[in-house]
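One structure is given here, and the rest of the page talks about it.
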Amino acid sequence: MIISIKELLNSENYGNKVNVKGWVRTKRGSKNVAFIALNDGSTINNIQIVVEVNEQNENILAKIHTGASISVDGELVKSEGKGQNVEINSIKIEILGESNPDEYPLQPKKHSLEFLREIAHLRFRTNTFGAISRIRHAMIFAVHSFFNERGFCNVHTPLITASDAEGAGEMFRVTTLPAKDAPTNEEGNVDFSNDFFGRETNLTVSGQLEAELAAMALSKVYTFGPTFRAENSNTTRHLAEFWMIEPEAAFYDINDNMDLAEDMLKYCVKYALDNCKEDIEFLSKRLQEEEKTKPQNERSQELIEKLNFVLENNFERVTYTEAIDILRNSKPNKKKKFQYIIDGWGADLQSEHERYLVEKHFKKPVILIDYPKEIKSFYMKQNDDGKTVRAMDILFPGIGEIVGGSQREENYDKLVTRMNEMGVPTKDMNWYLDTRKFGTVPHSGFGLGFERLMLFVTGMGNIRDVIPFPRTPKNAEF
Ligand code: ATP
Ligand code: MN
């Protein structure tokens with residue numbers, strides 16, 4: 001059986017004969033004894049291998065460099081060194097795969113995140129990406145565990161779809177038609193009846209509409225899958241391929257929806273603090289070093305403090321109208337420091353405004369509700385004022401929008417009217433409208449961008465660094 005380094009480091013079975021396998025982080029030592037720091041990704045910590053140099057192993061040792069993979073048979077012993085309880089006295093070392101030190105791009109020193117993005121196939125082997133990968137796993141697990149505990153049913157919604165859920169039209173087409181000389185119809189447009197699905201299809205931007213169908217029978221459902229957006233926004237918060245968690249619950253109103261979202265975010269943050277302590281501590285230290293280079297007033301809160309802060313405070317629930325008043329009278333607005341000046345009701349909020357509300361004004365997470373209907377999607381429930389819809393966006397420090405959700409319009413006539421006003425074709429959407437025709441009920445849901453949650457929990461500043469293989473404009477390597 002293969003024992004992980006994590007298990008070995010926690011073991012007190014001194015004297016046991018063990019086998020350990022992993023990748024060499026560093027090798028140092030003298031003529032007589034060598035010390036190898038070995039890591040297998042099960043933990044951020046390395047196990048130390050102590051090798052007495054002799055005639056049999058001399059040649060093998062000379063070939064062991066950073067990045068090589070080795071298998072070691074040895075004895076688990078109590079460590080005299082600080083920072084570790086156990087180490088392994090090597091009896092026999094075998095090289096599984098050599099690594100040429102002149103070519104291996106990862107040196108035992110700090111590399112920039114930009115450089116590591118260029119070697120995404122190897123960056124898993126760094127402390128930073130090891131930590132992020134393990135936290136990512138823990139967060140996936142926490143999401144499923146949260147919904148499972150609450151009786152939500154996980155549904156898989158399609159990735160290939162013929163509808164544009166957001167009506168934004170920023171979709172990637174899925175086709176088997178030839179790129180050159182695709183068949184055209186009489187009007188000269190591409191003839192999709194010859195395409196694989198007999199119609200135009202795209203990669204989904206959201207599983208919400210299909211999740212709504214399931215909620216109209218199973219009551220509480222959620223999807224957790226990849227979504228694709230061909231938006232050309234080269235920011236630190238946008239990916240062209242990202243993972244989204246979308247619960248949808250029958251009989252939930254906007255308040256139930258806000259409670260659910262707040263509970264879920266707190267559950268995930270608590271799970272990370274309880275289960276990823278070493279990795280978060282490592283990332284916190286890393287972040288603090290980076291913050292030292294910034295002026296005092298631009299430094300962000302220490303990571304663990306920031307995570308606890310979210311757990312301990314209720315999210316502030318504020319209407320869009322109140323938020324506009326706050327922003328209009330704010331210093332950066334009056335001094336024209338915002339890139340987009342807020343001059344009246346109806347303006348769409350930019351990330352700079354969202355972050356002002358969270359970081360400067362309320363100093364805690366904020367849930368904004370009752371947005372103008374013009375800046376929100378067709379499916380949101382219309383308020384009686386005729387101007388606003390029952391939307392809820394959750395804004396987080398350092399990130400801005402982390403959740404976008406709403407109570408849905410369950411009234412058939414109101415929904416159709418709104419779709420017509422907004423130019424959403426009702427013709428192909430009978431399957432969606434049927435839910436409002438047969439036993440419609442009030443219901444609500446939201447979308448949480450998984451990588452935005454990852455940004456928050458890891459304290460990383462760029463979304464490209466919290467997903468193994470980021471997809472962004474002009475970049476789909478690996
Ligand atoms: P933003 O204004 O930040 O672009 P949005 O209004 O387009 O967000 P929604 O369509 O409501 O976002 O999507 C729901 C959630 O999905 C967002 O709250 C966010 O967490 C996440 N999200 C949206 N677009 C992206 C993206 N391109 N990359 C990563 N996450 C995203
Ligand atoms: Mn967007």
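For the structure tokens, the naming scheme is as follows: chains receive sequential letters (A, B, ...) according to their order of presentation, residues are indexed from 1 within each chain, and ligands are indexed from 1 in presentation order.
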
To check your reading of the model: which residues sit at most 8 Å from ligand 1 when counting only C-alpha atoms and all ligand atoms? Write the answer as a PDB file with N, CA and C atoms, in the first residue's frame.
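Saved as result-v1.pdb:
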ATOM      1  N   GLU A 166     -28.747  34.249 -20.347  1.00  0.00           N
ATOM      2  CA  GLU A 166     -28.568  35.610 -19.863  1.00  0.00           C
ATOM      3  C   GLU A 166     -29.008  36.643 -20.899  1.00  0.00           C
ATOM      4  N   VAL A 205     -24.019  29.459 -20.730  1.00  0.00           N
ATOM      5  CA  VAL A 205     -23.503  30.524 -19.867  1.00  0.00           C
ATOM      6  C   VAL A 205     -24.050  30.393 -18.446  1.00  0.00           C
ATOM      7  N   SER A 206     -25.004  29.481 -18.265  1.00  0.00           N
ATOM      8  CA  SER A 206     -25.633  29.291 -16.956  1.00  0.00           C
ATOM      9  C   SER A 206     -26.572  28.096 -17.028  1.00  0.00           C
ATOM     10  N   PHE A 228     -19.462  28.966 -19.688  1.00  0.00           N
ATOM     11  CA  PHE A 228     -18.563  29.538 -20.684  1.00  0.00           C
ATOM     12  C   PHE A 228     -19.073  30.899 -21.121  1.00  0.00           C
ATOM     13  N   ARG A 229     -18.229  31.876 -21.082  1.00  0.00           N
ATOM     14  CA  ARG A 229     -18.663  33.201 -21.531  1.00  0.00           C
ATOM     15  C   ARG A 229     -17.594  33.817 -22.431  1.00  0.00           C
ATOM     16  N   GLU A 231     -17.045  36.706 -23.150  1.00  0.00           N
ATOM     17  CA  GLU A 231     -16.952  38.146 -22.928  1.00  0.00           C
ATOM     18  C   GLU A 231     -15.482  38.525 -22.983  1.00  0.00           C
ATOM     19  N   SER A 233     -13.580  40.373 -21.483  1.00  0.00           N
ATOM     20  CA  SER A 233     -13.166  41.199 -20.343  1.00  0.00           C
ATOM     21  C   SER A 233     -11.917  40.607 -19.715  1.00  0.00           C
ATOM     22  N   ARG A 237     -10.900  39.099 -12.492  1.00  0.00           N
ATOM     23  CA  ARG A 237     -12.054  38.396 -11.927  1.00  0.00           C
ATOM     24  C   ARG A 237     -12.879  37.630 -12.956  1.00  0.00           C
ATOM     25  N   HIS A 238     -12.457  37.647 -14.219  1.00  0.00           N
ATOM     26  CA  HIS A 238     -13.238  36.985 -15.274  1.00  0.00           C
ATOM     27  C   HIS A 238     -12.442  35.899 -15.991  1.00  0.00           C
ATOM     28  N   LEU A 239     -13.103  34.766 -16.201  1.00  0.00           N
ATOM     29  CA  LEU A 239     -12.554  33.692 -17.013  1.00  0.00           C
ATOM     30  C   LEU A 239     -13.543  33.410 -18.136  1.00  0.00           C
ATOM     31  N   ALA A 240     -13.054  32.847 -19.233  1.00  0.00           N
ATOM     32  CA  ALA A 240     -13.970  32.457 -20.304  1.00  0.00           C
ATOM     33  C   ALA A 240     -14.610  31.108 -19.981  1.00  0.00           C
ATOM     34  N   GLU A 241     -13.948  30.336 -19.125  1.00  0.00           N
ATOM     35  CA  GLU A 241     -14.485  29.055 -18.659  1.00  0.00           C
ATOM     36  C   GLU A 241     -14.376  29.048 -17.149  1.00  0.00           C
ATOM     37  N   PHE A 242     -15.508  29.079 -16.462  1.00  0.00           N
ATOM     38  CA  PHE A 242     -15.460  29.051 -15.001  1.00  0.00           C
ATOM     39  C   PHE A 242     -16.543  28.126 -14.479  1.00  0.00           C
ATOM     40  N   TRP A 243     -16.448  27.805 -13.198  1.00  0.00           N
ATOM     41  CA  TRP A 243     -17.385  26.858 -12.588  1.00  0.00           C
ATOM     42  C   TRP A 243     -18.394  27.627 -11.750  1.00  0.00           C
ATOM     43  N   MET A 244     -19.639  27.215 -11.887  1.00  0.00           N
ATOM     44  CA  MET A 244     -20.670  27.980 -11.184  1.00  0.00           C
ATOM     45  C   MET A 244     -21.565  27.039 -10.381  1.00  0.00           C
ATOM     46  N   GLN A 350     -20.334  49.392 -11.171  1.00  0.00           N
ATOM     47  CA  GLN A 350     -19.067  48.790 -11.581  1.00  0.00           C
ATOM     48  C   GLN A 350     -18.377  48.225 -10.343  1.00  0.00           C
ATOM     49  N   SER A 351     -17.368  47.428 -10.619  1.00  0.00           N
ATOM     50  CA  SER A 351     -16.618  46.805  -9.525  1.00  0.00           C
ATOM     51  C   SER A 351     -16.087  47.847  -8.521  1.00  0.00           C
ATOM     52  N   ASP A 393     -27.556  40.771  -5.266  1.00  0.00           N
ATOM     53  CA  ASP A 393     -26.149  40.531  -5.572  1.00  0.00           C
ATOM     54  C   ASP A 393     -25.373  40.596  -4.264  1.00  0.00           C
ATOM     55  N   ILE A 394     -24.496  39.643  -4.049  1.00  0.00           N
ATOM     56  CA  ILE A 394     -23.654  39.692  -2.844  1.00  0.00           C
ATOM     57  C   ILE A 394     -22.279  40.219  -3.227  1.00  0.00           C
ATOM     58  N   GLY A 400     -15.760  42.287  -5.115  1.00  0.00           N
ATOM     59  CA  GLY A 400     -16.973  42.846  -5.711  1.00  0.00           C
ATOM     60  C   GLY A 400     -18.019  41.749  -5.764  1.00  0.00           C
ATOM     61  N   GLU A 401     -18.692  41.608  -6.908  1.00  0.00           N
ATOM     62  CA  GLU A 401     -19.786  40.637  -6.973  1.00  0.00           C
ATOM     63  C   GLU A 401     -19.271  39.201  -6.884  1.00  0.00           C
ATOM     64  N   ILE A 402     -19.804  38.466  -5.910  1.00  0.00           N
ATOM     65  CA  ILE A 402     -19.448  37.045  -5.792  1.00  0.00           C
ATOM     66  C   ILE A 402     -20.667  36.176  -6.090  1.00  0.00           C
ATOM     67  N   VAL A 403     -21.861  36.707  -5.801  1.00  0.00           N
ATOM     68  CA  VAL A 403     -23.112  35.999  -6.070  1.00  0.00           C
ATOM     69  C   VAL A 403     -24.069  36.933  -6.796  1.00  0.00           C
ATOM     70  N   GLY A 404     -24.761  36.398  -7.800  1.00  0.00           N
ATOM     71  CA  GLY A 404     -25.851  37.131  -8.445  1.00  0.00           C
ATOM     72  C   GLY A 404     -27.078  36.246  -8.424  1.00  0.00           C
ATOM     73  N   GLY A 405     -28.181  36.763  -7.894  1.00  0.00           N
ATOM     74  CA  GLY A 405     -29.369  35.905  -7.821  1.00  0.00           C
ATOM     75  C   GLY A 405     -30.641  36.712  -7.792  1.00  0.00           C
ATOM     76  N   PHE A 446     -29.700  31.438  -7.159  1.00  0.00           N
ATOM     77  CA  PHE A 446     -28.573  32.340  -7.396  1.00  0.00           C
ATOM     78  C   PHE A 446     -27.420  31.602  -8.052  1.00  0.00           C
ATOM     79  N   GLY A 447     -26.461  32.371  -8.511  1.00  0.00           N
ATOM     80  CA  GLY A 447     -25.247  31.795  -9.085  1.00  0.00           C
ATOM     81  C   GLY A 447     -24.040  32.292  -8.314  1.00  0.00           C
ATOM     82  N   LEU A 448     -23.236  31.343  -7.851  1.00  0.00           N
ATOM     83  CA  LEU A 448     -21.988  31.697  -7.164  1.00  0.00           C
ATOM     84  C   LEU A 448     -20.833  31.263  -8.056  1.00  0.00           C
ATOM     85  N   GLY A 449     -20.012  32.208  -8.462  1.00  0.00           N
ATOM     86  CA  GLY A 449     -18.838  31.863  -9.256  1.00  0.00           C
ATOM     87  C   GLY A 449     -17.818  31.176  -8.372  1.00  0.00           C
ATOM     88  N   PHE A 450     -17.541  29.900  -8.688  1.00  0.00           N
ATOM     89  CA  PHE A 450     -16.672  29.111  -7.800  1.00  0.00           C
ATOM     90  C   PHE A 450     -15.280  29.724  -7.674  1.00  0.00           C
ATOM     91  N   GLU A 451     -14.752  30.240  -8.779  1.00  0.00           N
ATOM     92  CA  GLU A 451     -13.398  30.818  -8.720  1.00  0.00           C
ATOM     93  C   GLU A 451     -13.381  32.132  -7.941  1.00  0.00           C
ATOM     94  N   ARG A 452     -14.518  32.836  -7.890  1.00  0.00           N
ATOM     95  CA  ARG A 452     -14.549  34.050  -7.061  1.00  0.00           C
ATOM     96  C   ARG A 452     -14.514  33.657  -5.587  1.00  0.00           C
ATOM     97  N   LEU A 453     -15.198  32.569  -5.241  1.00  0.00           N
ATOM     98  CA  LEU A 453     -15.109  32.053  -3.870  1.00  0.00           C
ATOM     99  C   LEU A 453     -13.668  31.651  -3.574  1.00  0.00           C
ATOM    100  N   ILE A 463      -7.722  35.700 -10.802  1.00  0.00           N
ATOM    101  CA  ILE A 463      -8.533  34.491 -10.995  1.00  0.00           C
ATOM    102  C   ILE A 463      -7.781  33.424 -11.793  1.00  0.00           C
TER     103      ILE A 463
END

Mind listing the helix (DSSP H, G or I) residues of segment 153-376 of chain A, per DSSP on the backbone, as a VMD selection string?
chain A and resid 192 to 194 208 to 218 254 to 275 277 to 291 296 to 298 303 to 312 320 to 328 331 to 334 351 to 362 373 to 375

Show me, as a PDB file with N, CA and C atoms, in the first residue's frame, the residues that have an atom within 12 Å of Arg173 of chain A when counting only C-alpha atoms, minus same-chain residues fewer than 6 positions from it.
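Full text of around_20.pdb as output:
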ATOM      1  N   LEU A 159     -24.372  21.231 -21.059  1.00  0.00           N
ATOM      2  CA  LEU A 159     -23.328  22.200 -21.409  1.00  0.00           C
ATOM      3  C   LEU A 159     -23.549  22.734 -22.813  1.00  0.00           C
ATOM      4  N   ILE A 160     -24.139  21.902 -23.658  1.00  0.00           N
ATOM      5  CA  ILE A 160     -24.470  22.353 -25.015  1.00  0.00           C
ATOM      6  C   ILE A 160     -25.929  22.767 -25.009  1.00  0.00           C
ATOM      7  N   THR A 161     -26.204  23.966 -25.445  1.00  0.00           N
ATOM      8  CA  THR A 161     -27.574  24.468 -25.349  1.00  0.00           C
ATOM      9  C   THR A 161     -27.929  25.333 -26.550  1.00  0.00           C
ATOM     10  N   ALA A 162     -29.235  25.423 -26.805  1.00  0.00           N
ATOM     11  CA  ALA A 162     -29.706  26.262 -27.906  1.00  0.00           C
ATOM     12  C   ALA A 162     -30.258  27.580 -27.387  1.00  0.00           C
ATOM     13  N   SER A 163     -30.241  27.762 -26.045  1.00  0.00           N
ATOM     14  CA  SER A 163     -30.786  29.017 -25.521  1.00  0.00           C
ATOM     15  C   SER A 163     -29.678  29.859 -24.898  1.00  0.00           C
ATOM     16  N   ASP A 164     -29.910  31.143 -24.816  1.00  0.00           N
ATOM     17  CA  ASP A 164     -28.958  32.056 -24.195  1.00  0.00           C
ATOM     18  C   ASP A 164     -29.589  32.571 -22.914  1.00  0.00           C
ATOM     19  N   ALA A 179     -15.282  25.138 -41.081  1.00  0.00           N
ATOM     20  CA  ALA A 179     -14.980  26.545 -40.838  1.00  0.00           C
ATOM     21  C   ALA A 179     -14.944  27.313 -42.163  1.00  0.00           C
ATOM     22  N   PHE A 192     -27.884  26.345 -40.403  1.00  0.00           N
ATOM     23  CA  PHE A 192     -27.617  25.454 -39.279  1.00  0.00           C
ATOM     24  C   PHE A 192     -28.437  24.173 -39.327  1.00  0.00           C
ATOM     25  N   ASP A 195     -26.284  21.474 -39.491  1.00  0.00           N
ATOM     26  CA  ASP A 195     -25.308  21.310 -38.410  1.00  0.00           C
ATOM     27  C   ASP A 195     -25.655  20.072 -37.571  1.00  0.00           C
ATOM     28  N   PHE A 196     -24.763  19.684 -36.700  1.00  0.00           N
ATOM     29  CA  PHE A 196     -24.909  18.434 -35.942  1.00  0.00           C
ATOM     30  C   PHE A 196     -26.269  18.309 -35.261  1.00  0.00           C
ATOM     31  N   PHE A 197     -26.697  19.364 -34.580  1.00  0.00           N
ATOM     32  CA  PHE A 197     -27.961  19.307 -33.851  1.00  0.00           C
ATOM     33  C   PHE A 197     -29.139  19.825 -34.677  1.00  0.00           C
ATOM     34  N   ARG A 199     -29.607  22.750 -35.625  1.00  0.00           N
ATOM     35  CA  ARG A 199     -29.898  24.129 -35.233  1.00  0.00           C
ATOM     36  C   ARG A 199     -28.625  24.743 -34.657  1.00  0.00           C
ATOM     37  N   GLU A 200     -28.657  26.047 -34.426  1.00  0.00           N
ATOM     38  CA  GLU A 200     -27.485  26.690 -33.861  1.00  0.00           C
ATOM     39  C   GLU A 200     -27.373  26.346 -32.370  1.00  0.00           C
ATOM     40  N   THR A 201     -26.208  25.921 -31.948  1.00  0.00           N
ATOM     41  CA  THR A 201     -26.016  25.587 -30.529  1.00  0.00           C
ATOM     42  C   THR A 201     -24.748  26.250 -29.993  1.00  0.00           C
ATOM     43  N   ASN A 202     -24.741  26.442 -28.671  1.00  0.00           N
ATOM     44  CA  ASN A 202     -23.631  27.118 -28.001  1.00  0.00           C
ATOM     45  C   ASN A 202     -23.281  26.412 -26.704  1.00  0.00           C
ATOM     46  N   LEU A 203     -22.161  26.805 -26.123  1.00  0.00           N
ATOM     47  CA  LEU A 203     -21.831  26.339 -24.772  1.00  0.00           C
ATOM     48  C   LEU A 203     -22.615  27.200 -23.773  1.00  0.00           C
ATOM     49  N   THR A 204     -23.068  26.586 -22.724  1.00  0.00           N
ATOM     50  CA  THR A 204     -23.965  27.273 -21.794  1.00  0.00           C
ATOM     51  C   THR A 204     -23.263  28.401 -21.021  1.00  0.00           C
ATOM     52  N   VAL A 205     -24.019  29.459 -20.730  1.00  0.00           N
ATOM     53  CA  VAL A 205     -23.503  30.524 -19.867  1.00  0.00           C
ATOM     54  C   VAL A 205     -24.050  30.393 -18.446  1.00  0.00           C
ATOM     55  N   PHE A 228     -19.462  28.966 -19.688  1.00  0.00           N
ATOM     56  CA  PHE A 228     -18.563  29.538 -20.684  1.00  0.00           C
ATOM     57  C   PHE A 228     -19.073  30.899 -21.121  1.00  0.00           C
ATOM     58  N   ARG A 229     -18.229  31.876 -21.082  1.00  0.00           N
ATOM     59  CA  ARG A 229     -18.663  33.201 -21.531  1.00  0.00           C
ATOM     60  C   ARG A 229     -17.594  33.817 -22.431  1.00  0.00           C
ATOM     61  N   ALA A 230     -18.028  34.169 -23.624  1.00  0.00           N
ATOM     62  CA  ALA A 230     -17.098  34.743 -24.597  1.00  0.00           C
ATOM     63  C   ALA A 230     -17.026  36.253 -24.426  1.00  0.00           C
TER      64      ALA A 230
END

Determine, counting only C-alpha atoms, which protein, DNA and RNA residues have an atom within 8 Å of an atom of Asp370 of chain A; residues of the same chain fewer than 4 positions away are not included. Present the result as a JSON list (two decimals) with C-alpha atoms, in the first residue's frame.
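Contents of selection25.json, freshly written:
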[["chain", "number", "residue", "atom", "x", "y", "z"],
["A", 319, "THR", "CA", -31.48, 48.31, -1.51],
["A", 320, "TYR", "CA", -29.97, 49.47, -4.78],
["A", 321, "THR", "CA", -31.64, 52.87, -4.24],
["A", 383, "ASN", "CA", -41.68, 44.49, -7.75],
["A", 388, "THR", "CA", -37.35, 47.39, -9.76],
["A", 389, "VAL", "CA", -36.88, 43.64, -9.69],
["A", 390, "ARG", "CA", -36.24, 41.29, -6.79],
["A", 391, "ALA", "CA", -32.56, 40.75, -7.54],
["A", 392, "MET", "CA", -29.86, 40.14, -4.95]]

Counting only C-alpha atoms, which residue out of A:Gln84, A:Thr66, A:Gln56, A:Asn308 sits closest to Leu9 of chain A?
A:Gln84

Using only C-alpha atoms, which protein or nucleic acid residues come within 10 Å of Glu262 of chain A? Drop anything in the same chain fewer than 4 positions from it, and give the result as a count of residues only.
13

Given only C-alpha atoms as the counted atoms, nearest of A:Ala249, A:Val50, A:Leu76, A:Val190 to Glu7 of chain A
A:Leu76

With DSSP run on the backbone, what are the strand (DSSP E or B) residues within segment 111-300 of chain A? I'd like them as a PyMOL selection string.
chain A and resi 153-154+160-161+173-174+184+190+201-203+220-228+241-250

Write a file of the just-selected residues containing C-alpha atoms, as a PDB file, in the first residue's frame.
ATOM      1  CA  CYS A 153     -30.706  17.441  -5.130  1.00  0.00           C
ATOM      2  CA  ASN A 154     -27.756  17.851  -7.492  1.00  0.00           C
ATOM      3  CA  ILE A 160     -24.470  22.353 -25.015  1.00  0.00           C
ATOM      4  CA  THR A 161     -27.574  24.468 -25.349  1.00  0.00           C
ATOM      5  CA  ARG A 173     -20.718  28.329 -30.797  1.00  0.00           C
ATOM      6  CA  VAL A 174     -20.652  24.536 -30.933  1.00  0.00           C
ATOM      7  CA  THR A 184     -25.695  28.938 -46.455  1.00  0.00           C
ATOM      8  CA  VAL A 190     -25.085  29.925 -42.336  1.00  0.00           C
ATOM      9  CA  THR A 201     -26.016  25.587 -30.529  1.00  0.00           C
ATOM     10  CA  ASN A 202     -23.631  27.118 -28.001  1.00  0.00           C
ATOM     11  CA  LEU A 203     -21.831  26.339 -24.772  1.00  0.00           C
ATOM     12  CA  LYS A 220     -34.601  22.084  -3.919  1.00  0.00           C
ATOM     13  CA  VAL A 221     -31.915  21.510  -6.532  1.00  0.00           C
ATOM     14  CA  TYR A 222     -28.489  22.809  -7.444  1.00  0.00           C
ATOM     15  CA  THR A 223     -26.109  22.573 -10.350  1.00  0.00           C
ATOM     16  CA  PHE A 224     -22.343  22.790 -10.095  1.00  0.00           C
ATOM     17  CA  GLY A 225     -20.715  22.767 -13.469  1.00  0.00           C
ATOM     18  CA  PRO A 226     -18.581  24.629 -15.949  1.00  0.00           C
ATOM     19  CA  THR A 227     -19.984  27.683 -17.729  1.00  0.00           C
ATOM     20  CA  PHE A 228     -18.563  29.538 -20.684  1.00  0.00           C
ATOM     21  CA  GLU A 241     -14.485  29.055 -18.659  1.00  0.00           C
ATOM     22  CA  PHE A 242     -15.460  29.051 -15.001  1.00  0.00           C
ATOM     23  CA  TRP A 243     -17.385  26.858 -12.588  1.00  0.00           C
ATOM     24  CA  MET A 244     -20.670  27.980 -11.184  1.00  0.00           C
ATOM     25  CA  ILE A 245     -22.840  26.783  -8.321  1.00  0.00           C
ATOM     26  CA  GLU A 246     -26.512  27.458  -8.994  1.00  0.00           C
ATOM     27  CA  PRO A 247     -29.124  26.464  -6.425  1.00  0.00           C
ATOM     28  CA  GLU A 248     -32.780  26.860  -7.329  1.00  0.00           C
ATOM     29  CA  ALA A 249     -35.503  26.365  -4.733  1.00  0.00           C
ATOM     30  CA  ALA A 250     -39.272  26.238  -5.015  1.00  0.00           C
TER      31      ALA A 250
END
